[in-house]
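Everything below concerns the one structure shown next.
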Amino acid sequence: MYINITDSDKGNNKGSCGELVHYLDKENRISSDLKPELWFNGTSDAIPSYLVKYNLDQNIAKLCKDDAKFFLINISPSQKEIGYLKTLYGEIGVENALKEYAAGIMDEYACNFKRPGVNGEKDLLWYAKLEHFRYYSYNDPQVKDGTVKKGSPKPGEQLHIQVIVSRKDITNRIRLSPMNTSKGKNAAHSQKLGQFDRSVDIPLILTT
């Protein structure tokens, strides 16, 4: 399972998340064969895009113009993992299982800050989107050599989840940055800074 946290290369994370939300809705525009995929979090799996954008863009109290307002988390099982999970849960069941796993990831994300009042995913403002495909970009060798066209879907199992999480907690009071890896002067100082350990390994554990 590959998991990474970025500032987001689709849209400036120092401003509105609108561009990123629009980008992550691409399958709803491209894939007419699939039912529209709504956003989800730990409490709902039918959240419309406009609500995602509005809630995240409002949750920026006391952040400066050049501060990051949100972060993007990519949760990508390997093709082998997806194939195995489909044998356990079926084509539809694996999607629900991955959504549950994403909520578990966000629990770990919250706890990793070791901040009072931030004890799990319900203390975060986050929204996730399940995606069925990945697409070739201009950086891919196959596009550069003319073998495939930019924007063509990549072959094989490509099921993955993208999460947008607010820089501020659900109360809009506590700043949380996974980019802060400072160790601080001591344990107490590190806790005050909200140090985030990016080396934590989160195993793939799914229940039936």
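For the structure tokens, the naming scheme is as follows: chains receive sequential letters (A, B, ...) according to their order of presentation, residues are indexed from 1 within each chain, and ligands are indexed from 1 in presentation order.
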* Would you mind listing what lies within 8 Å of A:Ser16 as a list in words, with only C-alpha atoms counted and same-chain residues fewer than 5 positions away left out? =>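 Here the answer would be Lys53, Asp57 and Lys69 of chain A.
For A:Gly117, the set of protein, DNA and RNA residues having any atom at most 12 Å away, when counting only C-alpha atoms and skipping those fewer than 3 positions along the same chain, is Ala110, Cys111, Phe113, Lys114, Gly120, Glu121, Lys122, Asp123, Leu124, Asp169, Ile170, Thr171, Asn172, Arg173, Ile174, Arg175, Leu176 and Gly194 of chain A.
The space between atom CA of A:Leu24 and atom CA of A:Ile73 spans 12.3 Å.
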* **Distance query stretch 148-164 of chain A at most 8 Å, only C-alpha atoms, self and fewer than 6 positions along chain excluded, as a PyMOL selection string** => chain A and resi 24+70-79+82-83+98-99+102+126-138+142
* DSSP on the backbone, then: every residue of chain A marked strand (DSSP E or B), written as a ChimeraX atom specification. => /A:2-6,39-40,47,70-76,124-131,135,153,160-169,175
* Computed interatomic separation between atom CA of A:Asn28 and atom CA of A:Glu95 (Å) ->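 Between atom CA of A:Asn28 and atom CA of A:Glu95 the gap is 16.2 Å.
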* Residue with smallest distance to A:Ile60 - pool A:Val94, A:Ile47, A:Cys17, A:Ile5, counting only C-alpha atoms -> A:Cys17
* **stretch 25-192 of chain A: residues DSSP assigns to helix (DSSP H, G or I), reported as a VMD selection string** => chain A and resid 26 to 30 49 to 58 79 to 111 121 to 123 141 to 144 187 to 192
* Find, counting only C-alpha atoms, the residue in A:Tyr89, A:Tyr23, A:Tyr2, A:Phe40 that gets nearest to A:Leu125. => A:Phe40
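Going from atom CA of A:Met106 over to atom CA of A:Leu63, you cover 22.1 Å.
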* Hey, which of A:Val21, A:Ser166, A:Pro178, A:Ser44 ends up closest to A:Ala103? Count only C-alpha atoms. ->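 Of A:Val21, A:Ser166, A:Pro178, A:Ser44, the one nearest A:Ala103, counting only C-alpha atoms, is A:Ser44.
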* **Contacts of A:Ala68 at 8 Å (only C-alpha atoms; same-chain gap of 4+ positions) as a list in words** => Asp7, Asn13, Lys14, Gly15 and Arg167 of chain A
With N, CA and C atoms kept, could you save the residues just selected as a PDB file, in the first residue's frame?
```pdb
ATOM      1  N   ASP A   7       1.473  18.756  -0.962  1.00  0.00           N
ATOM      2  CA  ASP A   7       0.839  20.074  -0.951  1.00  0.00           C
ATOM      3  C   ASP A   7      -0.229  20.173  -2.031  1.00  0.00           C
ATOM      4  N   ASN A  13      -2.512  25.043  -2.894  1.00  0.00           N
ATOM      5  CA  ASN A  13      -3.134  24.767  -1.601  1.00  0.00           C
ATOM      6  C   ASN A  13      -3.043  25.948  -0.639  1.00  0.00           C
ATOM      7  N   LYS A  14      -2.558  27.071  -1.122  1.00  0.00           N
ATOM      8  CA  LYS A  14      -2.564  28.296  -0.308  1.00  0.00           C
ATOM      9  C   LYS A  14      -3.794  29.152  -0.589  1.00  0.00           C
ATOM     10  N   GLY A  15      -4.653  28.655  -1.459  1.00  0.00           N
ATOM     11  CA  GLY A  15      -5.899  29.352  -1.774  1.00  0.00           C
ATOM     12  C   GLY A  15      -7.081  28.410  -1.649  1.00  0.00           C
ATOM     13  N   ARG A 167      -6.098  22.128   6.807  1.00  0.00           N
ATOM     14  CA  ARG A 167      -4.961  22.475   7.672  1.00  0.00           C
ATOM     15  C   ARG A 167      -5.435  22.653   9.114  1.00  0.00           C
TER      16      ARG A 167
END
```
* **Pick from A:Glu19, A:Glu91, A:Tyr101, A:Tyr84, whichever lies nearest to A:Gly42 using only C-alpha atoms** => A:Tyr101
